[in-house]
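Peer 1: Have a look at the structure that comes next, please.
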Amino acid sequence: MSDSISEPPYDRVWNFSAGPSTLPVSVLEEVQRDLLNYKGHGMSVLEMSHRSKIYGQIISEAEATLRRVLSVPDNYSIIFLQGGGTGEFAASYLNLFASTAVREKQRKLGRQLSCDYLVTGSWSKGGLQEVQRLGGKPNVVLNGVVSAESGNVAYNSLPPVSEWKLGKPEETAFVYYCENETIHGVETPSDLVVDAVDPSVPIICDMSSNMLSRPVDIKRFGAIVAGAQKNMGPAGVTIAIVRKDLLERDDDPEAIRNLPSVLDWLYFDRTGSMPHTPPTFSIYVCGLVFKWVEKQGIEALYELREARSSLVYGEIDAHPEFFRGGVDTRYRSAMNIVFNLPTPELEAKFIAEAAEHNMVQLKGHRSLGGIRISLYNAVPLDGAKKFVSFMKQFYTQNHQ
């Protein structure tokens with residue numbers, strides 16, 4: 001291991017978890033300082049009423065900071081929710097079909113609108129399955145790629161846009177995709193999707209695992225949903241950024257008959273994200289992370305994400321017979337890098353020896369196995385350098 005690489009403070013490990021994930025140390029330090037007595041108010045945020053003036057300031061400031069960081073236009077609402085990305089599988093479908101815009105479009109068509117789904121991995125597949133379960137009419141625009149070797153569907157690339165099966169705009173309620181698939185290590189460039197979709201059709205994007213890692217042109221989306229536990233804070237809070245015209249409803253009770261209040265974006269938006277007790281502490285920590293992102297600068301964090309991932313992919317590409325990546329280089333995730341070694345035994349040895357070098361949470365998802373390193377915002381460049389140094393050492397000692 002290189003002596004020039006700084007180790008984490010406080011005897012902490014290099015935490016490469018896919019989520020919940022590592023948080024900025026400065027944020028944790030501030031949480032620690034204020035845990036017993038928040039800013040001299042005599043109580044912890046953990047104990048604070050969500051109806052108090054103090055907490056009202058905390059949640060308002062969190063929203064305002066996120067709006068500045070992402071340059072969220074005024075005609076978009078920022079809503080703090082619960083239920084994770086999985087909850088938003090249902091919420092996205094149910095809220096869009098409750099909106100005046102979609103209902104009027106459906107009345108004009110005279111039959112049920114379809115929903116376009118780009119299936120690029122496990123999470124977008126989960127969104128598709130949820131809308132099927134709810135009685136929706138999904139149109140599968142793409143479903144990974146067909147392997148030339150096995151003939152099976154593989155989630156390691158995307159077909160050319162010319163082969164996408166987008167629905168007719170007048171027959172489509174929305175387009176849904178997950179921008180970064182944490183399990184398969186596939187990241188879909190947002191411009192690829194938004195440039196292909198007719199502007200009249202709102203795009204719903206799950207950005208749970210790459211939110212705040214690069215600038216986003218919010219106005220090109222109908223809604224963005226994201227669980228916080230990757231780049232934005234601790235588990236327990238989900239954020240939706242929704243164009244306000246998609247929150248408009250008529251007075252017909254049928255519009256929301258099948259929409260539970262806990263998934264209702266408008267219900268939360270009208271009450272400042274607090275129709276009931278929100279995940280107060282998680283939102284508070286998210287607010288601190290938003291301030292940290294603002295201080296770092298989102299352009300700088302984008303440069304950092306590219307530098308980190310380039311180091312790891314560079315080592316994979318240097319020894320492809322040993323570090324077997326498999327994901328199309330055009331769509332390799334900068335957040336979650338997945339690869340296999342020649343044998344399961346070598347993978348187990350890699351993970352065990354990495355832990356001896358203070359690097360943890362490297363086991364691939366249970367559905368795929370292999371190795372997965374997650375490089376979220378709070379992982380400094382030295383974390384990627386340390387990992388690559390270990391890769392080099394492991395290769396030298398184990399390749400044949």
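We name chains A, B, ... following the order of the structure tokens; residues begin at 1 in each chain, and ligands are numbered from 1 as shown.
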Residues near A:Pro20, anyone? I mean within 8 Å using only C-alpha atoms, not counting same-chain ones fewer than 4 positions away, as a compact mmCIF listing (two decimals) with all heavy atoms, in the first residue's frame.
Peer 2:
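Wrote selection-v3.txt, looks like this:
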```txt
# COMPACT_ATOMS: atom_id res chain seq x y z
N GLN A 229 -30.07 7.63 0.61
CA GLN A 229 -29.00 6.91 1.30
C GLN A 229 -27.77 6.57 0.46
O GLN A 229 -26.95 5.75 0.86
CB GLN A 229 -29.57 5.62 1.89
CG GLN A 229 -29.99 4.56 0.88
CD GLN A 229 -31.39 4.76 0.33
OE1 GLN A 229 -32.02 5.77 0.55
NE2 GLN A 229 -31.88 3.77 -0.40
N LYS A 230 -27.61 7.21 -0.67
CA LYS A 230 -26.42 7.00 -1.50
C LYS A 230 -25.52 8.24 -1.44
O LYS A 230 -24.44 8.20 -0.89
CB LYS A 230 -26.80 6.73 -2.95
CG LYS A 230 -27.95 5.76 -3.15
CD LYS A 230 -27.58 4.33 -2.88
CE LYS A 230 -28.71 3.40 -3.30
NZ LYS A 230 -28.39 1.98 -3.07
N PRO A 234 -28.56 9.94 5.18
CA PRO A 234 -28.84 8.60 5.72
C PRO A 234 -30.14 8.03 5.16
O PRO A 234 -30.92 8.73 4.50
CB PRO A 234 -28.98 8.88 7.23
CG PRO A 234 -29.45 10.29 7.31
CD PRO A 234 -28.84 11.01 6.13
N ALA A 235 -30.34 6.76 5.41
CA ALA A 235 -31.57 6.11 4.97
C ALA A 235 -32.77 6.69 5.71
O ALA A 235 -32.65 7.22 6.81
CB ALA A 235 -31.47 4.60 5.21
```
Peer 1: Mind giving me the straight-line distance from atom CA of A:Leu134 to atom CA of A:Val237 in Å, one decimal?
Peer 2: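 Here the two named atoms are 23.5 Å from each other.
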Peer 1: Using DSSP on the backbone coordinates, identify the residues of stretch 267-363 of chain A assigned to strand (DSSP E or B); present them as a ChimeraX atom specification.
Peer 2: /A:324,332,336-340,359-360,363
Peer 1: Looking at only C-alpha atoms, which of A:Leu46, A:Ile59, A:Val153, A:Val242 is the one that sits closest to A:Asn95?
Peer 2: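 The closest residue to A:Asn95 is A:Val242.
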Peer 1: Can you pull out every residue within 9 Å of A:Glu353, counting only C-alpha atoms, but drop anything in the same chain fewer than 6 positions away, and send it as an MDAnalysis selection string?
Peer 2: chainID A and resid 359 390 394
Peer 1: Just to confirm, what's the straight-line distance from atom CA of A:Lys386 to atom CA of A:Arg366 in Å (one decimal)?
Peer 2: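 So the answer is 24.8 Å.
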Peer 1: As number ranges by chain, list the residues of stretch 27-119 of chain A assigned to helix (DSSP H, G or I) by DSSP on the backbone atoms of this structure.
Peer 2: A: 27-34, 38-40, 45-47, 53-69, 84-98, 100-109
Peer 1: Using only C-alpha atoms, which protein or nucleic acid residues come within 10 Å of A:Cys286? Drop anything in the same chain fewer than 3 positions from it, and give the result as a list in words.
Peer 2: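 Here the qualifying residues turn out to be Leu23, Val27, Ile59, Ala62, Glu63, Leu66, Ala228, Gln229, Asn231, Met232, Gly233, Pro234, Ala235, Val237, Thr280, Phe281, Ser282, Ile283, Val289, Phe290, Lys291 and Trp292 of chain A.
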Peer 1: Residues of the last selection are to be written out with C-alpha atoms, as a PDB file, in the first residue's frame.
Peer 2:
```
ATOM      1  CA  LEU A  23     -21.100  10.372   4.679  1.00  0.00           C
ATOM      2  CA  VAL A  27     -21.080  16.385   8.362  1.00  0.00           C
ATOM      3  CA  ILE A  59     -36.464  21.547   6.814  1.00  0.00           C
ATOM      4  CA  ALA A  62     -32.638  21.887   3.567  1.00  0.00           C
ATOM      5  CA  GLU A  63     -35.119  22.456   0.753  1.00  0.00           C
ATOM      6  CA  LEU A  66     -31.037  21.675  -2.493  1.00  0.00           C
ATOM      7  CA  ALA A 228     -31.248   9.694   0.066  1.00  0.00           C
ATOM      8  CA  GLN A 229     -29.000   6.906   1.298  1.00  0.00           C
ATOM      9  CA  ASN A 231     -25.220  10.562  -2.117  1.00  0.00           C
ATOM     10  CA  MET A 232     -27.570  12.725  -0.079  1.00  0.00           C
ATOM     11  CA  GLY A 233     -27.736  11.481   3.498  1.00  0.00           C
ATOM     12  CA  PRO A 234     -28.841   8.605   5.723  1.00  0.00           C
ATOM     13  CA  ALA A 235     -31.572   6.111   4.967  1.00  0.00           C
ATOM     14  CA  VAL A 237     -35.997   9.893   3.458  1.00  0.00           C
ATOM     15  CA  THR A 280     -36.823  14.477  11.026  1.00  0.00           C
ATOM     16  CA  PHE A 281     -33.263  13.418  11.753  1.00  0.00           C
ATOM     17  CA  SER A 282     -32.634  12.048   8.255  1.00  0.00           C
ATOM     18  CA  ILE A 283     -33.865  15.305   6.692  1.00  0.00           C
ATOM     19  CA  VAL A 289     -24.955  17.180   3.187  1.00  0.00           C
ATOM     20  CA  PHE A 290     -26.608  19.662   0.815  1.00  0.00           C
ATOM     21  CA  LYS A 291     -24.556  22.452   2.424  1.00  0.00           C
ATOM     22  CA  TRP A 292     -21.421  20.335   2.058  1.00  0.00           C
TER      23      TRP A 292
END
```
Peer 1: My list of candidates is A:Thr188, A:Ser367, A:Gln296, A:Thr238. Which is closest to A:Gly87 when distances are computed with only C-alpha atoms?
Peer 2: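 With only C-alpha atoms as the atom set, the closest residue is A:Thr238.
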Peer 1: Identify, on the basis of only C-alpha atoms, every residue whose closest approach to stretch 69-74 of chain A does not exceed 7 Å; exclude the query and any residue fewer than 3 positions from it along the same chain; express the result as a list in words.
Peer 2: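 After dropping sequence-adjacent residues, the list is Thr65, Leu66, Pro215, Val216, Ile218 and Glu294 of chain A.
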Peer 1: Now that the selection is made, can you save its residues with all heavy atoms as an mmCIF file, in the first residue's frame?
Peer 2:
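For reference, result15.cif as written:
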```cif
data_model
loop_
_atom_site.group_PDB
_atom_site.id
_atom_site.type_symbol
_atom_site.label_atom_id
_atom_site.label_comp_id
_atom_site.auth_asym_id
_atom_site.auth_seq_id
_atom_site.Cartn_x
_atom_site.Cartn_y
_atom_site.Cartn_z
ATOM 1 N N THR A 65 -31.492 24.888 0.200
ATOM 2 C CA THR A 65 -30.125 24.573 -0.209
ATOM 3 C C THR A 65 -30.119 23.634 -1.403
ATOM 4 O O THR A 65 -29.362 23.836 -2.366
ATOM 5 C CB THR A 65 -29.343 23.944 0.959
ATOM 6 O OG1 THR A 65 -29.428 24.785 2.109
ATOM 7 C CG2 THR A 65 -27.868 23.759 0.581
ATOM 8 N N LEU A 66 -30.961 22.606 -1.361
ATOM 9 C CA LEU A 66 -31.037 21.675 -2.493
ATOM 10 C C LEU A 66 -31.488 22.399 -3.753
ATOM 11 O O LEU A 66 -30.973 22.142 -4.854
ATOM 12 C CB LEU A 66 -31.989 20.527 -2.169
ATOM 13 C CG LEU A 66 -32.124 19.449 -3.257
ATOM 14 C CD1 LEU A 66 -30.779 18.792 -3.551
ATOM 15 C CD2 LEU A 66 -33.157 18.403 -2.857
ATOM 16 N N PRO A 215 -24.051 17.990 -12.455
ATOM 17 C CA PRO A 215 -25.153 18.920 -12.737
ATOM 18 C C PRO A 215 -26.279 18.203 -13.486
ATOM 19 O O PRO A 215 -26.048 17.265 -14.251
ATOM 20 C CB PRO A 215 -24.499 19.995 -13.612
ATOM 21 C CG PRO A 215 -23.032 19.879 -13.352
ATOM 22 C CD PRO A 215 -22.778 18.432 -13.081
ATOM 23 N N VAL A 216 -27.512 18.659 -13.258
ATOM 24 C CA VAL A 216 -28.688 18.086 -13.915
ATOM 25 C C VAL A 216 -29.541 19.231 -14.447
ATOM 26 O O VAL A 216 -29.773 20.214 -13.735
ATOM 27 C CB VAL A 216 -29.522 17.238 -12.935
ATOM 28 C CG1 VAL A 216 -30.776 16.700 -13.618
ATOM 29 C CG2 VAL A 216 -28.697 16.086 -12.377
ATOM 30 N N ILE A 218 -32.757 20.172 -14.666
ATOM 31 C CA ILE A 218 -34.015 19.747 -14.055
ATOM 32 C C ILE A 218 -35.202 19.962 -14.977
ATOM 33 O O ILE A 218 -36.120 19.129 -15.051
ATOM 34 C CB ILE A 218 -34.253 20.504 -12.725
ATOM 35 C CG1 ILE A 218 -33.101 20.265 -11.746
ATOM 36 C CG2 ILE A 218 -35.592 20.108 -12.108
ATOM 37 C CD1 ILE A 218 -32.991 18.875 -11.200
ATOM 38 N N GLU A 294 -22.843 22.129 -1.633
ATOM 39 C CA GLU A 294 -22.790 23.519 -2.091
ATOM 40 C C GLU A 294 -21.395 24.102 -1.891
ATOM 41 O O GLU A 294 -20.872 24.823 -2.758
ATOM 42 C CB GLU A 294 -23.823 24.350 -1.341
ATOM 43 C CG GLU A 294 -23.986 25.753 -1.866
ATOM 44 C CD GLU A 294 -25.171 26.477 -1.251
ATOM 45 O OE1 GLU A 294 -25.403 26.306 -0.027
ATOM 46 O OE2 GLU A 294 -25.864 27.205 -1.974
#
```
Peer 1: So that I can check the surroundings of stretch 300-307 of chain A, please list as a PyMOL selection string every protein, DNA and RNA residue that reaches within 9 Å of it, counting only C-alpha atoms and ignoring chain neighbours fewer than 6 positions away.
Peer 2: chain A and resi 212-215+293+334-335+375-377+380-381+384
